[in-house]
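Participant: One file is attached below, entry-v5.cif, containing mmCIF, C-alpha atoms.
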```
data_work
loop_
_atom_site.label_atom_id
_atom_site.label_comp_id
_atom_site.auth_asym_id
_atom_site.auth_seq_id
_atom_site.Cartn_x
_atom_site.Cartn_y
_atom_site.Cartn_z
CA MET A 1 86.57 -55.29 54.85
CA ALA A 2 89.28 -53.22 56.48
CA SER A 3 91.58 -54.42 59.20
CA LEU A 4 90.52 -54.60 62.82
CA LEU A 5 91.85 -51.21 63.92
CA PRO A 6 89.18 -48.92 62.40
CA ASP A 7 86.61 -50.97 64.31
CA ALA A 8 88.53 -51.05 67.57
CA SER A 9 86.64 -48.10 69.02
CA THR A 10 83.42 -50.10 68.96
CA LEU A 11 84.91 -52.96 70.98
CA THR A 12 84.59 -52.46 74.70
CA THR A 13 87.31 -53.42 77.14
CA SER A 14 84.94 -53.33 80.09
CA THR A 15 84.51 -56.70 81.73
CA THR A 16 80.93 -55.73 82.58
CA ARG A 17 79.88 -55.12 78.98
CA LEU A 18 81.34 -58.09 77.13
CA GLN A 19 79.16 -58.70 74.12
CA LYS A 20 81.28 -60.27 71.42
CA ASP A 21 82.23 -63.81 70.67
CA LYS A 22 85.65 -63.90 69.05
CA VAL A 23 86.53 -66.49 66.43
CA ILE A 24 90.21 -66.67 65.53
CA GLY A 25 90.75 -67.92 61.98
CA GLY A 26 88.88 -67.17 58.77
CA GLY A 27 89.08 -70.53 57.05
CA VAL A 28 85.99 -72.57 56.30
CA VAL A 29 85.71 -73.85 59.88
CA GLY A 30 86.10 -70.37 61.38
CA LEU A 31 83.59 -68.88 58.94
CA ALA A 32 81.08 -71.66 59.58
CA THR A 33 81.49 -71.26 63.34
CA ALA A 34 81.17 -67.48 63.26
CA ARG A 35 78.07 -67.72 61.10
CA ARG A 36 76.54 -70.32 63.44
CA LEU A 37 77.07 -68.06 66.45
CA THR A 38 75.40 -65.09 64.76
CA GLU A 39 72.56 -67.29 63.51
CA THR A 40 71.77 -68.84 66.90
CA HIS A 41 72.52 -65.78 69.06
CA PRO A 42 71.30 -62.79 67.04
CA SER A 43 71.11 -60.54 70.11
CA SER A 44 74.85 -60.98 70.67
CA SER A 45 77.67 -60.01 68.30
CA THR A 46 80.59 -61.90 66.83
CA LEU A 47 83.97 -60.79 65.54
CA LEU A 48 86.07 -63.00 63.27
CA LEU A 49 89.82 -62.31 63.26
CA GLU A 50 91.79 -63.34 60.15
CA ARG A 51 95.52 -62.70 59.88
CA HIS A 52 95.62 -62.61 56.07
CA GLY A 53 94.11 -60.09 53.67
CA GLN A 54 91.35 -62.50 52.64
CA PRO A 55 89.63 -65.40 54.39
CA GLY A 56 90.45 -68.99 53.56
CA THR A 57 93.87 -68.59 51.95
CA GLU A 58 95.56 -71.48 53.77
CA THR A 59 94.31 -75.07 54.15
CA SER A 60 90.73 -74.22 53.18
CA SER A 61 91.73 -73.22 49.65
CA ARG A 62 94.58 -75.69 49.13
CA ASN A 63 92.89 -79.07 49.25
CA SER A 64 90.96 -81.51 47.06
CA GLU A 65 87.56 -79.82 47.60
CA VAL A 66 86.02 -83.21 48.29
CA ILE A 67 82.81 -83.78 50.25
CA HIS A 68 83.73 -86.96 52.10
CA ALA A 69 81.27 -89.68 53.05
CA GLY A 70 82.94 -90.63 56.38
CA LEU A 71 84.47 -94.04 55.65
CA TYR A 72 87.92 -94.12 57.15
CA TYR A 73 87.96 -92.90 60.72
CA GLY A 74 86.39 -95.59 62.91
CA ARG A 75 83.02 -95.79 64.60
CA ALA A 76 83.55 -93.54 67.63
CA SER A 77 85.82 -90.78 66.36
CA LEU A 78 84.88 -87.14 66.04
CA LYS A 79 86.13 -87.28 62.47
CA THR A 80 83.50 -89.89 61.62
CA GLN A 81 80.63 -88.30 63.55
CA LEU A 82 81.27 -84.79 62.27
CA CYS A 83 82.02 -85.90 58.72
CA ILE A 84 78.73 -87.79 58.39
CA ARG A 85 76.70 -85.01 59.98
CA GLY A 86 78.66 -82.34 58.13
CA ARG A 87 78.20 -84.02 54.76
CA ARG A 88 74.43 -83.92 55.11
CA LEU A 89 74.47 -80.32 56.31
CA LEU A 90 76.85 -79.29 53.54
CA TYR A 91 74.81 -80.78 50.71
CA ASP A 92 71.70 -79.08 52.11
CA PHE A 93 73.52 -75.77 52.47
CA CYS A 94 74.95 -75.91 48.95
CA ARG A 95 71.54 -76.63 47.46
CA ALA A 96 69.87 -73.85 49.44
CA ARG A 97 72.58 -71.25 48.71
CA ALA A 98 73.43 -72.22 45.11
CA VAL A 99 77.01 -73.14 46.01
CA PRO A 100 78.47 -75.15 43.11
CA HIS A 101 78.81 -78.80 44.07
CA ARG A 102 78.31 -82.21 42.53
CA LYS A 103 77.73 -85.65 44.01
CA VAL A 104 80.10 -87.42 41.60
CA GLY A 105 80.77 -90.51 43.72
CA LYS A 106 84.06 -92.22 44.45
CA TRP A 107 85.65 -95.55 43.65
CA ILE A 108 88.16 -97.03 46.09
CA VAL A 109 90.25 -99.56 44.19
CA ALA A 110 92.16 -102.60 45.44
CA GLN A 111 94.98 -104.25 43.50
CA ASN A 112 95.71 -107.26 45.74
CA ALA A 113 94.24 -109.44 48.47
CA ALA A 114 95.47 -107.26 51.34
CA GLN A 115 93.90 -104.17 49.83
CA HIS A 116 90.70 -106.12 49.17
CA GLU A 117 90.58 -107.02 52.87
CA ALA A 118 90.96 -103.33 53.74
CA LEU A 119 87.93 -102.54 51.59
CA GLU A 120 85.99 -105.39 53.21
CA ARG A 121 86.62 -103.84 56.63
CA ILE A 122 85.44 -100.43 55.43
CA HIS A 123 82.32 -102.02 53.93
CA ALA A 124 81.55 -103.89 57.16
CA LEU A 125 82.00 -100.78 59.29
CA CYS A 126 79.78 -98.63 57.09
CA ALA A 127 76.95 -101.13 56.66
CA ALA A 128 73.76 -100.43 58.59
CA GLY A 129 74.33 -103.49 60.81
CA GLY A 130 78.00 -102.76 61.40
CA GLU A 131 80.76 -105.23 62.16
CA ALA A 132 79.81 -108.41 64.03
CA GLY A 133 76.24 -107.21 64.39
CA GLY A 134 77.21 -103.97 66.10
CA ALA A 135 75.93 -100.53 65.28
CA GLY A 136 77.16 -99.55 61.83
CA LEU A 137 77.59 -96.10 60.38
CA ASP A 138 74.86 -96.55 57.77
CA VAL A 139 77.00 -94.92 55.07
CA PRO A 140 75.97 -96.18 51.61
CA LEU A 141 78.58 -98.30 49.83
CA ARG A 142 78.39 -100.93 47.12
CA TRP A 143 80.71 -103.35 45.37
CA VAL A 144 81.28 -102.72 41.67
CA GLY A 145 81.63 -105.77 39.43
CA ARG A 146 84.38 -106.20 36.85
CA ALA A 147 82.05 -105.78 33.89
CA GLU A 148 80.74 -102.50 35.25
CA VAL A 149 84.27 -101.26 35.90
CA ARG A 150 85.25 -101.98 32.28
CA GLU A 151 82.10 -100.33 30.96
CA LYS A 152 82.07 -97.18 33.08
CA GLU A 153 85.76 -96.48 33.65
CA PRO A 154 87.86 -98.31 31.05
CA PHE A 155 91.02 -96.39 32.02
CA VAL A 156 90.85 -97.52 35.67
CA ARG A 157 92.63 -100.66 36.83
CA ALA A 158 91.33 -102.57 39.84
CA GLU A 159 92.83 -106.06 39.98
CA ALA A 160 91.07 -107.18 43.16
CA ALA A 161 87.98 -105.06 43.95
CA VAL A 162 86.19 -101.73 43.64
CA LEU A 163 84.10 -100.22 46.43
CA GLU A 164 81.85 -97.32 45.45
CA SER A 165 80.86 -94.43 47.72
CA PRO A 166 77.89 -92.77 46.00
CA GLU A 167 77.63 -90.03 48.65
CA THR A 168 81.10 -88.60 47.98
CA GLY A 169 81.14 -85.34 46.06
CA ILE A 170 83.01 -82.16 45.24
CA VAL A 171 82.37 -78.53 46.14
CA ASP A 172 83.67 -75.13 45.13
CA ALA A 173 85.39 -74.29 48.42
CA HIS A 174 85.84 -70.63 47.52
CA ALA A 175 82.14 -70.20 46.73
CA LEU A 176 81.29 -71.98 49.97
CA MET A 177 83.41 -69.59 52.01
CA LEU A 178 81.96 -66.58 50.19
CA ALA A 179 78.45 -67.79 51.03
CA LEU A 180 79.32 -68.33 54.71
CA ARG A 181 81.00 -64.95 54.98
CA GLY A 182 78.07 -63.23 53.29
CA LEU A 183 75.56 -64.76 55.68
CA PHE A 184 77.76 -63.97 58.68
CA GLU A 185 78.02 -60.31 57.72
CA GLU A 186 74.33 -60.06 56.81
CA GLU A 187 73.53 -61.29 60.32
CA GLY A 188 75.67 -58.57 61.90
CA GLY A 189 79.02 -60.32 62.19
CA ILE A 190 82.27 -58.43 61.63
CA VAL A 191 85.22 -59.80 59.66
CA ALA A 192 88.52 -58.18 60.63
CA LEU A 193 91.14 -58.94 57.99
CA ALA A 194 94.91 -58.49 58.25
CA SER A 195 94.43 -58.90 62.00
CA ALA A 196 96.94 -61.31 63.49
CA VAL A 197 96.43 -62.52 67.05
CA VAL A 198 99.71 -62.07 68.95
CA GLY A 199 98.53 -62.61 72.51
CA VAL A 200 95.60 -64.04 74.46
CA GLU A 201 95.00 -64.06 78.20
CA PRO A 202 92.05 -64.39 80.58
CA LEU A 203 90.70 -61.13 81.97
CA PRO A 204 91.18 -60.57 85.72
CA GLY A 205 88.39 -61.87 87.89
CA GLY A 206 88.48 -65.58 87.10
CA GLY A 207 90.85 -68.38 87.90
CA GLY A 208 90.65 -68.09 91.64
CA GLY A 209 90.38 -71.82 92.22
CA GLY A 210 87.69 -73.82 93.94
CA GLY A 211 86.49 -75.70 90.87
CA THR A 212 83.35 -73.61 90.25
CA ALA A 213 82.60 -72.15 86.83
CA ALA A 214 83.19 -68.61 88.14
CA ALA A 215 86.64 -69.61 89.38
CA LEU A 216 87.85 -70.92 86.03
CA LYS A 217 90.29 -68.85 84.00
CA GLY A 218 88.36 -66.95 81.35
CA SER A 219 85.14 -66.83 83.35
CA ALA A 220 85.44 -63.03 83.37
CA GLY A 221 86.22 -62.94 79.66
CA TRP A 222 89.27 -62.79 77.43
CA ALA A 223 91.73 -60.15 76.28
CA VAL A 224 92.99 -60.65 72.73
CA ARG A 225 95.96 -58.64 71.47
CA VAL A 226 95.82 -58.08 67.72
CA ARG A 227 98.43 -56.67 65.35
CA ASP A 228 97.31 -54.82 62.22
CA ALA A 229 99.30 -56.34 59.36
CA GLN A 230 99.10 -53.08 57.39
CA THR A 231 100.34 -50.66 60.05
CA GLY A 232 101.99 -52.85 62.67
CA GLU A 233 99.87 -51.23 65.37
CA GLU A 234 98.58 -53.41 68.17
CA SER A 235 95.26 -53.16 69.97
CA THR A 236 93.54 -55.21 72.64
CA VAL A 237 89.94 -56.31 72.28
CA THR A 238 87.86 -58.31 74.71
CA ALA A 239 85.57 -61.28 74.39
CA ALA A 240 83.11 -63.18 76.50
CA THR A 241 83.97 -66.32 74.56
CA LEU A 242 86.85 -67.36 72.35
CA VAL A 243 87.01 -69.96 69.58
CA ASN A 244 90.45 -71.00 68.36
CA ALA A 245 89.83 -72.04 64.75
CA ALA A 246 93.18 -70.81 63.47
CA GLY A 247 94.09 -73.95 61.50
CA LEU A 248 97.82 -73.88 60.87
CA GLY A 249 98.11 -71.24 63.60
CA ALA A 250 95.82 -72.95 66.13
CA VAL A 251 98.62 -74.55 68.14
CA ASP A 252 100.38 -71.17 68.34
CA VAL A 253 97.21 -69.63 69.81
CA HIS A 254 96.81 -72.59 72.19
CA ASN A 255 100.39 -72.14 73.39
CA MET A 256 99.78 -68.44 74.12
CA ILE A 257 97.23 -69.41 76.77
CA VAL A 258 98.27 -72.64 78.49
CA PRO A 259 101.24 -73.18 80.84
CA PRO A 260 104.44 -74.63 79.32
CA ASP A 261 103.71 -78.22 80.36
CA ARG A 262 100.47 -78.20 78.31
CA ARG A 263 101.88 -76.76 75.11
CA ARG A 264 101.70 -78.71 71.88
CA THR A 265 103.74 -79.06 68.69
CA LEU A 266 102.17 -79.02 65.24
CA HIS A 267 103.48 -81.17 62.39
CA TYR A 268 103.11 -80.05 58.79
CA ALA A 269 102.07 -82.59 56.16
CA LYS A 270 102.53 -80.95 52.80
CA GLY A 271 100.37 -82.31 50.03
CA ASN A 272 101.51 -81.80 46.44
CA TYR A 273 98.96 -81.73 43.63
CA PHE A 274 99.60 -82.42 39.97
CA SER A 275 97.61 -81.17 37.00
CA TYR A 276 96.67 -83.33 34.03
CA THR A 277 96.94 -81.95 30.48
CA PRO A 278 96.64 -84.34 27.50
CA ALA A 279 99.90 -84.44 25.55
CA GLY A 280 98.93 -85.99 22.24
CA GLY A 281 97.18 -89.29 21.70
CA PRO A 282 93.91 -90.29 23.37
CA SER A 283 93.19 -88.41 26.59
CA ILE A 284 92.18 -90.14 29.79
CA ARG A 285 88.55 -89.67 30.71
CA VAL A 286 87.25 -90.47 34.19
CA GLY A 287 83.82 -89.56 35.52
CA ARG A 288 84.28 -89.91 39.27
CA LEU A 289 86.90 -89.71 42.00
CA VAL A 290 89.32 -92.63 42.22
CA TYR A 291 91.18 -93.44 45.44
CA PRO A 292 93.63 -96.25 46.18
CA ALA A 293 92.87 -98.52 49.12
CA PRO A 294 94.00 -96.80 52.34
CA GLU A 295 97.34 -97.84 53.78
CA PRO A 296 97.45 -98.17 57.60
CA GLY A 297 99.91 -95.72 59.12
CA ALA A 298 100.11 -93.49 56.05
CA GLY A 299 99.68 -89.77 56.63
CA GLY A 300 97.06 -89.43 53.89
CA LEU A 301 94.61 -91.37 51.75
CA GLY A 302 97.03 -91.94 48.90
CA THR A 303 97.64 -89.90 45.75
CA HIS A 304 94.16 -90.00 44.32
CA LEU A 305 92.34 -88.73 41.26
CA THR A 306 89.93 -85.88 41.85
CA LEU A 307 87.86 -83.64 39.61
CA ASP A 308 87.13 -79.94 39.79
CA MET A 309 83.73 -78.44 39.05
CA ALA A 310 84.65 -78.17 35.34
CA GLY A 311 85.47 -81.88 35.19
CA ARG A 312 89.23 -81.37 34.94
CA ILE A 313 91.40 -84.13 36.37
CA ARG A 314 94.01 -83.51 39.04
CA PHE A 315 96.02 -85.83 41.26
CA GLY A 316 97.02 -85.54 44.89
CA PRO A 317 97.77 -84.93 47.60
CA ASP A 318 100.81 -86.95 48.51
CA VAL A 319 102.41 -86.67 51.96
CA GLU A 320 105.65 -84.73 52.38
CA TRP A 321 106.63 -83.81 55.93
CA VAL A 322 108.02 -80.27 56.01
CA ASP A 323 109.28 -77.91 58.70
CA SER A 324 107.34 -74.79 57.76
CA PRO A 325 103.66 -74.04 57.09
CA HIS A 326 104.85 -71.56 54.47
CA ASP A 327 106.44 -74.24 52.26
CA LEU A 328 103.68 -73.99 49.65
CA ALA A 329 105.53 -74.33 46.35
CA PRO A 330 104.69 -77.72 44.80
CA SER A 331 107.69 -80.05 44.95
CA ALA A 332 108.59 -80.97 41.38
CA ASP A 333 110.93 -83.70 42.61
CA ARG A 334 107.89 -85.61 43.94
CA LEU A 335 106.42 -86.09 40.47
CA ASP A 336 108.06 -89.46 39.70
CA GLU A 337 106.86 -90.93 42.99
CA ALA A 338 103.36 -89.60 42.37
CA LEU A 339 103.36 -91.01 38.84
CA ALA A 340 104.25 -94.47 40.12
CA ALA A 341 101.42 -94.32 42.68
CA ILE A 342 98.87 -93.12 40.12
CA ARG A 343 99.82 -95.76 37.58
CA GLN A 344 98.77 -98.43 40.07
CA TYR A 345 95.16 -97.58 39.20
CA LEU A 346 95.61 -95.59 35.96
CA PRO A 347 98.28 -97.56 34.09
CA SER A 348 98.01 -95.73 30.76
CA LEU A 349 98.83 -92.32 32.23
CA ASP A 350 101.49 -90.58 30.13
CA ALA A 351 104.17 -88.90 32.25
CA ARG A 352 104.16 -85.94 29.84
CA CYS A 353 100.60 -85.14 30.93
CA LEU A 354 101.52 -84.44 34.55
CA ALA A 355 102.89 -81.20 35.96
CA PRO A 356 103.23 -79.79 39.48
CA ASP A 357 100.19 -77.62 40.18
CA TYR A 358 99.81 -76.44 43.79
CA ALA A 359 100.38 -77.60 47.35
CA GLY A 360 98.63 -77.36 50.70
CA ILE A 361 99.62 -78.03 54.29
CA ARG A 362 97.64 -80.30 56.62
CA PRO A 363 97.91 -79.36 60.32
CA LYS A 364 98.69 -82.57 62.21
CA LEU A 365 99.23 -83.06 65.92
CA GLY A 366 101.74 -85.81 65.18
CA ARG A 367 103.04 -87.83 62.28
CA GLN A 368 100.06 -90.11 62.54
CA GLY A 369 98.13 -92.16 60.07
CA ALA A 370 95.12 -90.67 58.33
CA VAL A 371 92.87 -93.69 58.84
CA VAL A 372 91.84 -95.43 62.04
CA GLU A 373 93.63 -98.67 61.17
CA GLY A 374 97.30 -98.88 61.99
CA LYS A 375 99.35 -97.01 64.57
CA GLY A 376 98.93 -93.45 65.67
CA PHE A 377 95.55 -92.33 64.35
CA GLN A 378 94.85 -88.80 65.60
CA ASP A 379 91.31 -87.55 65.96
CA PHE A 380 90.20 -83.92 65.91
CA VAL A 381 90.78 -82.11 69.21
CA MET A 382 87.68 -80.07 69.94
CA GLN A 383 87.02 -79.05 73.53
CA GLU A 384 86.83 -76.48 76.26
CA GLU A 385 90.27 -76.81 77.81
CA GLU A 386 90.42 -78.05 81.40
CA GLY A 387 90.67 -75.18 83.86
CA TYR A 388 89.32 -72.58 81.44
CA LYS A 389 85.89 -71.15 80.69
CA GLY A 390 84.52 -69.82 77.42
CA TRP A 391 87.42 -71.00 75.27
CA VAL A 392 86.85 -73.73 72.68
CA ASN A 393 90.00 -75.14 71.12
CA LEU A 394 90.00 -76.69 67.64
CA LEU A 395 93.31 -78.42 66.96
CA GLY A 396 94.44 -80.75 64.18
CA ILE A 397 91.47 -79.87 61.96
CA GLU A 398 92.68 -81.46 58.75
CA SER A 399 90.69 -83.72 56.42
CA PRO A 400 87.72 -84.14 56.65
CA GLY A 401 87.56 -80.62 58.08
CA LEU A 402 85.96 -79.04 55.01
CA THR A 403 83.19 -81.64 54.95
CA SER A 404 82.76 -81.40 58.72
CA SER A 405 82.78 -77.60 58.94
CA LEU A 406 79.06 -77.01 59.50
CA ALA A 407 78.87 -79.85 62.02
CA ILE A 408 81.94 -78.53 63.83
CA ALA A 409 80.19 -75.16 64.04
CA GLU A 410 77.13 -76.81 65.61
CA ARG A 411 79.27 -78.53 68.22
CA VAL A 412 81.24 -75.40 69.08
CA GLU A 413 78.01 -73.51 69.72
CA LYS A 414 76.80 -76.30 72.01
CA LEU A 415 80.09 -76.38 73.91
CA LEU A 416 79.84 -72.65 74.54
CA TYR A 417 76.13 -72.29 75.20
CA GLY A 418 74.72 -75.76 75.82
#
```
Output the file's structure as structure tokens, nothing else.
Facilitator:
Amino acid sequence: MASLLPDASTLTTSTTRLQKDKVIGGGVVGLATARRLTETHPSSSTLLLERHGQPGTETSSRNSEVIHAGLYYGRASLKTQLCIRGRRLLYDFCRARAVPHRKVGKWIVAQNAAQHEALERIHALCAAGGEAGGAGLDVPLRWVGRAEVREKEPFVRAEAAVLESPETGIVDAHALMLALRGLFEEEGGIVALASAVVGVEPLPGGGGGGGTAAALKGSAGWAVRVRDAQTGEESTVTAATLVNAAGLGAVDVHNMIVPPDRRRTLHYAKGNYFSYTPAGGPSIRVGRLVYPAPEPGAGGLGTHLTLDMAGRIRFGPDVEWVDSPHDLAPSADRLDEALAAIRQYLPSLDARCLAPDYAGIRPKLGRQGAVVEGKGFQDFVMQEEEGYKGWVNLLGIESPGLTSSLAIAERVEKLLYG
């Protein structure tokens, strides 16, 4: 698909003929949202704006490609609700659309009493009855006995306990995004590539005060200024509604719209991944994902073992705070630290088998922990901003954003249209 500019003539700037929803960001969440809008509102039209030459080249393609079960984020969080709903939707979608995926399951391993207690709390939260008789999440989990650990995964060490999540899986994220884009375009949606949003403002006619919907900024629609990455030309298109699903650029878009005292800062958690290639001697064989017990306050879920669709082993991500979202070269100097973390649960791993592979950036609204326990857990921000109409903001959509993408799309559509 060409950039936005050849299509600009079809986009009206008249505030009386606004037809298009605009979705900013062509990652998996933006694609899922755009497709949902065309699916549920076929008489309308939707334009997706993506600043790069292809969709999904940032966080959506630089992650572990895991379908999460929804274990870590507490009972009431959006991350939990959308992960559980999204997991079910995603498995159904992948089966229906022949998107490669596999429900491989996951082991969370504990090496000491404190880690065992952390797994006990996860198990209690996820049980159907919940903690202390409250409402649980009803996410299937089971304890794995020592004999079964030795039989099924002889290379894995778990000194204290193993908790299995049978609903965890993996997905080909690229194939998923291709499927979503294909459906979106089949349903009349337009993908504008190499189209960077450089300005957003409410159209005149709203924002007059009084607290009514008509008085809110954006009630008359939105003007979006877009720069063509190929030519440098700028054009302005209009929208009745606006969805900010720009991922690493979402805070920048947010800050274009709100007054200075409501602006936010994004923090970049780089995750380095390491490939595994046998280097002589017996190779390690593992048939499922293996995660360490979560550490309260940590920015991620630990350097874990994941599998791709071909069964190849890889490790990551770690957490490295960086200053730029463009810092995407894997950090070779992190290998020794990663090796030490991996050997906690895979003690026979030969250092010669590891090599830096790739890296991704997680968009975080602070240097918070990744799990609900500990200080500073940050949930997804997903809302119509106060004082504005027709603008849904999606901020801090990190893990489990891929798993949650179809559920996020559902919720965005409800926020916009009820």
Participant: Using only C-alpha atoms, find the one residue out of A:Asn393, A:Gln115, A:Thr38, A:Thr57 that sits nearest to Met177 in chain A.
Facilitator: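 Using only C-alpha atoms, the shortest distance to Met177 in chain A belongs to A:Thr57.
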Participant: Find the residues around range 148-152 of chain A up to 12 Å (all atoms listed in the file counted), leave out those fewer than 2 positions away in its own chain, and share them as a PyMOL selection string.
Facilitator: chain A and resi 107-109+143-146+154-164+285-288+290+345
Participant: Convert the output of the PyMOL selection byres ((chain A and resi 406-410) around 6) on the shown file into explicit residues, formatted as a PyMOL selection string.
Facilitator: chain A and resi 32-33+82+85-86+404-405+411-413
Participant: Name all residues at most 6 Å from range 401-403 of chain A (count all atoms listed in the file; drop same-chain ones fewer than 4 positions away) and give them as a list of chain:residue names.
Facilitator: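 Once the adjacent positions are removed, what remains is A:Ile67, A:Cys83, A:Gly86, A:Arg87, A:Ile397.
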Participant: Care to translate the PyMOL selection byres ((chain A and resi 217) around 7) into actual residues of this file, as number ranges by chain?
Facilitator: A: 202, 206-207, 215-216, 218-219, 387-389
Participant: Where does range 178-235 of chain A meet range 98-101 of chain A within 12 Å, residue by residue, with the nearest atom pair and distance in Å to one decimal for each, counting all atoms listed in the file, listed by chain and rising number, as JSON lines?
Facilitator:
```
{"residue": "A:Leu178", "atom": "CA", "partner": "A:Val99", "partner_atom": "CA", "distance": 9.2}
{"residue": "A:Ala179", "atom": "CA", "partner": "A:Val99", "partner_atom": "CA", "distance": 7.5}
{"residue": "A:Leu180", "atom": "CA", "partner": "A:Val99", "partner_atom": "CA", "distance": 10.2}
```
Participant: Quick one: of A:His174, A:His254, A:Leu416, A:Leu47, who's nearest to Ser61 in chain A, counting all atoms listed in the file?
Facilitator: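 Checking each of A:His174, A:His254, A:Leu416, A:Leu47 against Ser61 in chain A, counting all atoms listed in the file, the winner is A:His174.
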